[in-house]
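Note sheet for the following structure.
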Amino acid sequence: RKEALLGEWGEKEITLSTANTQSYEKRRATFREYVERDMLVQLRDALGNSVESKSADETWYWFGDNDHAAWRELFKLYRMPPPVELGQQRQRHRGLQQQQQNYDDPLIEHADDGNARACNERLPTERDVALSFGVGAVLSGVPMHTHGAVFAEALIGRKRWFLQAPGGAPPEFDGDELVRHWASRNDNHEGDFCDNAPPWTHQWSSLWSSCSSLHINKTPRQRDALLTCTLHAGEVLYIPHGWWHATLNLDECVFMSAFI
């Protein structure tokens with residue numbers, strides 16, 4: 001799969017960012033240069049075979065800053081997360097039925113009480129989504145940071161996630177420390193909300209509702225708890241607005257995020 005990606009996209013230029021919390025440094029490279037040079041350097045560093053270990057602000061990572069025109073064909077291949085697809089369906093259905101005085105949404109009619117409330121909330125559509133694509137080396141990733149709500153999907157490989165709800169004490173971290181070093185001290189490997197959550201394809205609406213309100217009515221200890229999970233290829237994680245999160249690629253990873 002790596003050779004197929006390089007064969008199709010290897011000479012395309014990409015924008016790399018430093019792999020620290022602020023990602024303040026940028027530089028241009030071809031996709032092939034990133035894979036065959038930067039990712040290889042990171043692998044050697046992770047294995048302890050590099051001459052000098054680097055910090056996160058000296059490590060290059062490809063995520064975001066995508067040239068959507070140059071990579072148009074790749075983005076066209078991506079299938080949106082189920083809630084976005086369902087939002088599109090509801091929008092089309094309402095457009096056809098907007099002249100009916102007594103409009104019944106079949107998605108509400110056939111849902112149980114809990115899911116009906118979740119479904120009744122406005123779902124995002126493709127117009128609400130900004131896609132961001134990336135590739136990461138083994139044991140690469142990004143330290144704790146926050147941003148708006150996002151659906152994060154692992155396309156190839158496994159990605160470890162660390163999350164903490166807003167509203168409590170912020171997590172302890174150094175934004176310039178490599179995330180694999182931070183994770184080695186903070187990953188508890190215990191089952192928690194995310195590890196026990198059902199895949200999107202089974203109970204997306206109840207999980208959407210639970211994730212969105214996870215930090216409501218929680219004690220300070222619960223708010224400050226570090227949640228962990230591992231995404232496998234084809235799995236999607238919803239991260240609400242303002243949640244702290246860090247990532248660690250357990251394999252060479254290809255991933256897509258749908259910001260809403």
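Residue numbering restarts at 1 for every chain of the structure tokens, chains are lettered A, B, ... in their displayed order, and ligands are numbered from 1 as they appear.
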What lies within 7 Å of segment 149-160 of chain A using only C-alpha atoms, ignoring chain neighbours under 3 positions off, as a CSV table (one decimal) with N, CA, C and O atoms, in the first residue's frame?
```csv
chain,number,residue,atom,x,y,z
A,229,CYS,N,-7.9,5.2,24.1
A,229,CYS,CA,-8.4,4.2,23.2
A,229,CYS,C,-7.5,4.0,22.0
A,229,CYS,O,-6.6,4.8,21.7
A,230,THR,N,-7.6,2.9,21.3
A,230,THR,CA,-6.8,2.6,20.1
A,230,THR,C,-7.8,2.4,18.9
A,230,THR,O,-8.7,1.6,18.9
A,231,LEU,N,-7.5,3.3,17.9
A,231,LEU,CA,-8.3,3.2,16.7
A,231,LEU,C,-7.6,2.2,15.7
A,231,LEU,O,-6.4,2.4,15.5
A,232,HIS,N,-8.3,1.3,15.2
A,232,HIS,CA,-7.8,0.4,14.1
A,232,HIS,C,-8.3,0.9,12.8
A,232,HIS,O,-9.2,1.7,12.7
A,233,ALA,N,-7.7,0.4,11.7
A,233,ALA,CA,-8.1,0.8,10.4
A,233,ALA,C,-9.6,0.7,10.2
A,233,ALA,O,-10.2,-0.4,10.5
A,234,GLY,N,-10.2,1.8,9.7
A,234,GLY,CA,-11.7,1.8,9.4
A,234,GLY,C,-12.5,2.2,10.6
A,234,GLY,O,-13.7,2.3,10.5
A,235,GLU,N,-11.9,2.6,11.7
A,235,GLU,CA,-12.6,3.0,12.9
A,235,GLU,C,-12.5,4.5,13.0
A,235,GLU,O,-11.6,5.2,12.6
A,236,VAL,N,-13.6,5.2,13.6
A,236,VAL,CA,-13.7,6.6,13.7
A,236,VAL,C,-14.0,7.0,15.1
A,236,VAL,O,-14.7,6.3,15.8
A,237,LEU,N,-13.3,8.1,15.6
A,237,LEU,CA,-13.5,8.6,16.9
A,237,LEU,C,-14.0,10.0,16.8
A,237,LEU,O,-13.5,10.8,16.0
A,238,TYR,N,-15.1,10.3,17.5
A,238,TYR,CA,-15.6,11.7,17.6
A,238,TYR,C,-15.0,12.4,18.8
A,238,TYR,O,-15.1,11.9,19.9
A,239,ILE,N,-14.4,13.6,18.6
A,239,ILE,CA,-13.8,14.4,19.6
A,239,ILE,C,-14.6,15.7,19.7
A,239,ILE,O,-14.6,16.5,18.8
A,240,PRO,N,-15.3,15.9,20.8
A,240,PRO,CA,-16.1,17.2,20.9
A,240,PRO,C,-15.2,18.4,21.0
A,240,PRO,O,-14.0,18.3,21.3
A,241,HIS,N,-15.8,19.5,20.8
A,241,HIS,CA,-15.1,20.8,20.8
A,241,HIS,C,-14.4,21.0,22.1
A,241,HIS,O,-15.0,20.8,23.2
A,247,THR,N,-2.1,12.1,20.2
A,247,THR,CA,-2.1,10.9,19.4
A,247,THR,C,-0.7,10.2,19.3
A,247,THR,O,0.3,10.9,19.4
A,248,LEU,N,-0.7,8.9,19.2
A,248,LEU,CA,0.5,8.1,19.0
A,248,LEU,C,0.3,7.0,18.0
A,248,LEU,O,-0.6,6.2,18.2
A,249,ASN,N,1.0,7.1,16.9
A,249,ASN,CA,0.8,6.1,15.8
A,249,ASN,C,1.5,4.8,16.2
A,249,ASN,O,2.7,4.8,16.4
A,250,LEU,N,0.8,3.7,16.4
A,250,LEU,CA,1.4,2.4,16.7
A,250,LEU,C,1.9,1.7,15.5
A,250,LEU,O,2.7,0.8,15.7
A,251,ASP,N,1.5,2.1,14.3
A,251,ASP,CA,2.1,1.6,13.1
A,251,ASP,C,2.3,2.7,12.2
A,251,ASP,O,2.1,3.9,12.5
A,252,GLU,N,2.8,2.5,11.0
A,252,GLU,CA,2.8,3.5,9.9
A,252,GLU,C,1.3,3.8,9.7
A,252,GLU,O,0.6,2.8,9.3
A,253,CYS,N,0.9,5.0,9.8
A,253,CYS,CA,-0.5,5.3,9.8
A,253,CYS,C,-0.9,6.3,8.7
A,253,CYS,O,-0.1,7.2,8.4
A,254,VAL,N,-2.0,6.0,8.1
A,254,VAL,CA,-2.7,7.0,7.2
A,254,VAL,C,-4.0,7.3,7.8
A,254,VAL,O,-4.8,6.4,8.2
A,255,PHE,N,-4.3,8.6,7.9
A,255,PHE,CA,-5.5,9.0,8.6
A,255,PHE,C,-6.2,10.2,8.0
A,255,PHE,O,-5.6,11.0,7.3
A,256,MET,N,-7.5,10.3,8.3
A,256,MET,CA,-8.3,11.4,7.8
A,256,MET,C,-9.1,12.0,8.9
A,256,MET,O,-9.7,11.2,9.7
A,257,SER,N,-9.2,13.3,9.0
A,257,SER,CA,-10.0,14.0,10.0
A,257,SER,C,-11.1,14.8,9.3
A,257,SER,O,-10.7,15.5,8.3
A,258,ALA,N,-12.3,14.8,9.8
A,258,ALA,CA,-13.4,15.6,9.3
A,258,ALA,C,-13.8,16.6,10.4
A,258,ALA,O,-14.5,16.3,11.3
A,259,PHE,N,-13.2,17.8,10.2
A,259,PHE,CA,-13.5,18.9,11.2
A,259,PHE,C,-14.9,19.5,10.9
A,259,PHE,O,-15.3,19.7,9.8
A,260,ILE,N,-15.7,19.7,12.0
A,260,ILE,CA,-17.0,20.3,11.8
A,260,ILE,C,-17.2,21.5,12.7
A,260,ILE,O,-16.5,21.8,13.6
```
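Of the residues under consideration (A:His68, A:Arg180, A:Lys76, A:Arg44), A:Arg180 shows the shortest atom-to-atom contact distance to Ala246 of chain A when counting only C-alpha atoms.
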Who sits within 10 Å of segment 10-26 of chain A, only C-alpha atoms, same chain under 5 positions skipped, as a ChimeraX atom specification: /A:2-5,31-35,38,55-67,70-71,134,140-146,173-179,246
Given the selection you just returned, output its residues as a file containing C-alpha atoms, formatted as an mmCIF file, in the first residue's frame.
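Generated file (again_23.cif):
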```
data_model
loop_
_atom_site.group_PDB
_atom_site.id
_atom_site.type_symbol
_atom_site.label_atom_id
_atom_site.label_comp_id
_atom_site.auth_asym_id
_atom_site.auth_seq_id
_atom_site.Cartn_x
_atom_site.Cartn_y
_atom_site.Cartn_z
ATOM 1 C CA LYS A 2 2.905 2.350 0.687
ATOM 2 C CA GLU A 3 4.310 1.753 -2.800
ATOM 3 C CA ALA A 4 0.875 2.361 -4.320
ATOM 4 C CA LEU A 5 0.585 5.699 -2.505
ATOM 5 C CA PHE A 31 5.418 13.172 -0.340
ATOM 6 C CA ARG A 32 8.216 10.776 -1.333
ATOM 7 C CA GLU A 33 10.835 12.876 0.498
ATOM 8 C CA TYR A 34 8.694 12.825 3.628
ATOM 9 C CA VAL A 35 8.160 9.047 3.533
ATOM 10 C CA ASP A 38 11.628 12.141 7.497
ATOM 11 C CA SER A 55 12.410 16.761 20.320
ATOM 12 C CA ALA A 56 8.900 17.343 18.964
ATOM 13 C CA ASP A 57 9.732 20.848 17.754
ATOM 14 C CA GLU A 58 12.518 19.333 15.612
ATOM 15 C CA THR A 59 10.406 16.481 14.228
ATOM 16 C CA TRP A 60 8.435 16.830 10.981
ATOM 17 C CA TYR A 61 4.893 15.487 10.624
ATOM 18 C CA TRP A 62 2.374 15.561 7.807
ATOM 19 C CA PHE A 63 -1.124 16.370 8.876
ATOM 20 C CA GLY A 64 -3.318 19.151 7.562
ATOM 21 C CA ASP A 65 -2.303 22.128 5.400
ATOM 22 C CA ASN A 66 -3.482 20.001 2.474
ATOM 23 C CA ASP A 67 -3.566 21.302 -1.092
ATOM 24 C CA ALA A 70 -3.610 18.872 -6.004
ATOM 25 C CA TRP A 71 -5.051 16.011 -3.943
ATOM 26 C CA GLY A 134 -2.089 12.850 6.958
ATOM 27 C CA SER A 140 5.080 9.446 15.816
ATOM 28 C CA GLY A 141 2.197 11.661 16.856
ATOM 29 C CA VAL A 142 1.213 14.984 18.386
ATOM 30 C CA PRO A 143 1.234 16.062 22.078
ATOM 31 C CA MET A 144 -1.830 17.337 23.925
ATOM 32 C CA HIS A 145 -3.747 20.106 22.155
ATOM 33 C CA THR A 146 -7.325 21.281 21.547
ATOM 34 C CA PHE A 173 2.561 17.839 29.387
ATOM 35 C CA ASP A 174 5.451 19.546 27.652
ATOM 36 C CA GLY A 175 4.345 20.703 24.221
ATOM 37 C CA ASP A 176 7.842 20.171 22.803
ATOM 38 C CA GLU A 177 8.305 16.639 24.179
ATOM 39 C CA LEU A 178 7.918 13.719 21.778
ATOM 40 C CA VAL A 179 4.530 12.158 22.433
ATOM 41 C CA ALA A 246 -2.847 13.558 22.003
#
```
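Nearest-residue note for Gln164 of chain A: choosing from A:Ala137, A:Leu77, A:Ala183, A:Leu226, the minimum distance belongs to A:Leu226, counting only C-alpha atoms.
Assigned to strand (DSSP E or B) in segment 4-102 of chain A, given DSSP computed from backbone atoms, are Glu13, Ile14, Thr15, Leu16, Ser17, Thr18, Lys26, Arg27, Arg28, Ala29, Thr30, Trp60, Tyr61, Trp62 and Phe63 of chain A.
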Neighbour list for Phe162 of chain A as a ChimeraX atom specification, cut-off 6 Å, only C-alpha atoms, skip fewer than 6 positions in-chain: /A:227-228,245-246
Keeping only C-alpha atoms, take the residues you just selected and write them out as a CSV table (one decimal), in the first residue's frame.
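Generated file (again10.csv):
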```csv
chain,number,residue,atom,x,y,z
A,227,LEU,CA,-9.3,8.5,28.6
A,228,THR,CA,-7.5,6.2,26.2
A,245,HIS,CA,-6.2,15.0,23.1
A,246,ALA,CA,-2.8,13.6,22.0
```
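You will find atom CA of Pro81 of chain A at 14.2 Å from atom CA of Phe133 of chain A.
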Atomic separation - atom CA of Val135 of chain A relative to atom CA of Gly7 of chain A, Å: 15.3 Å
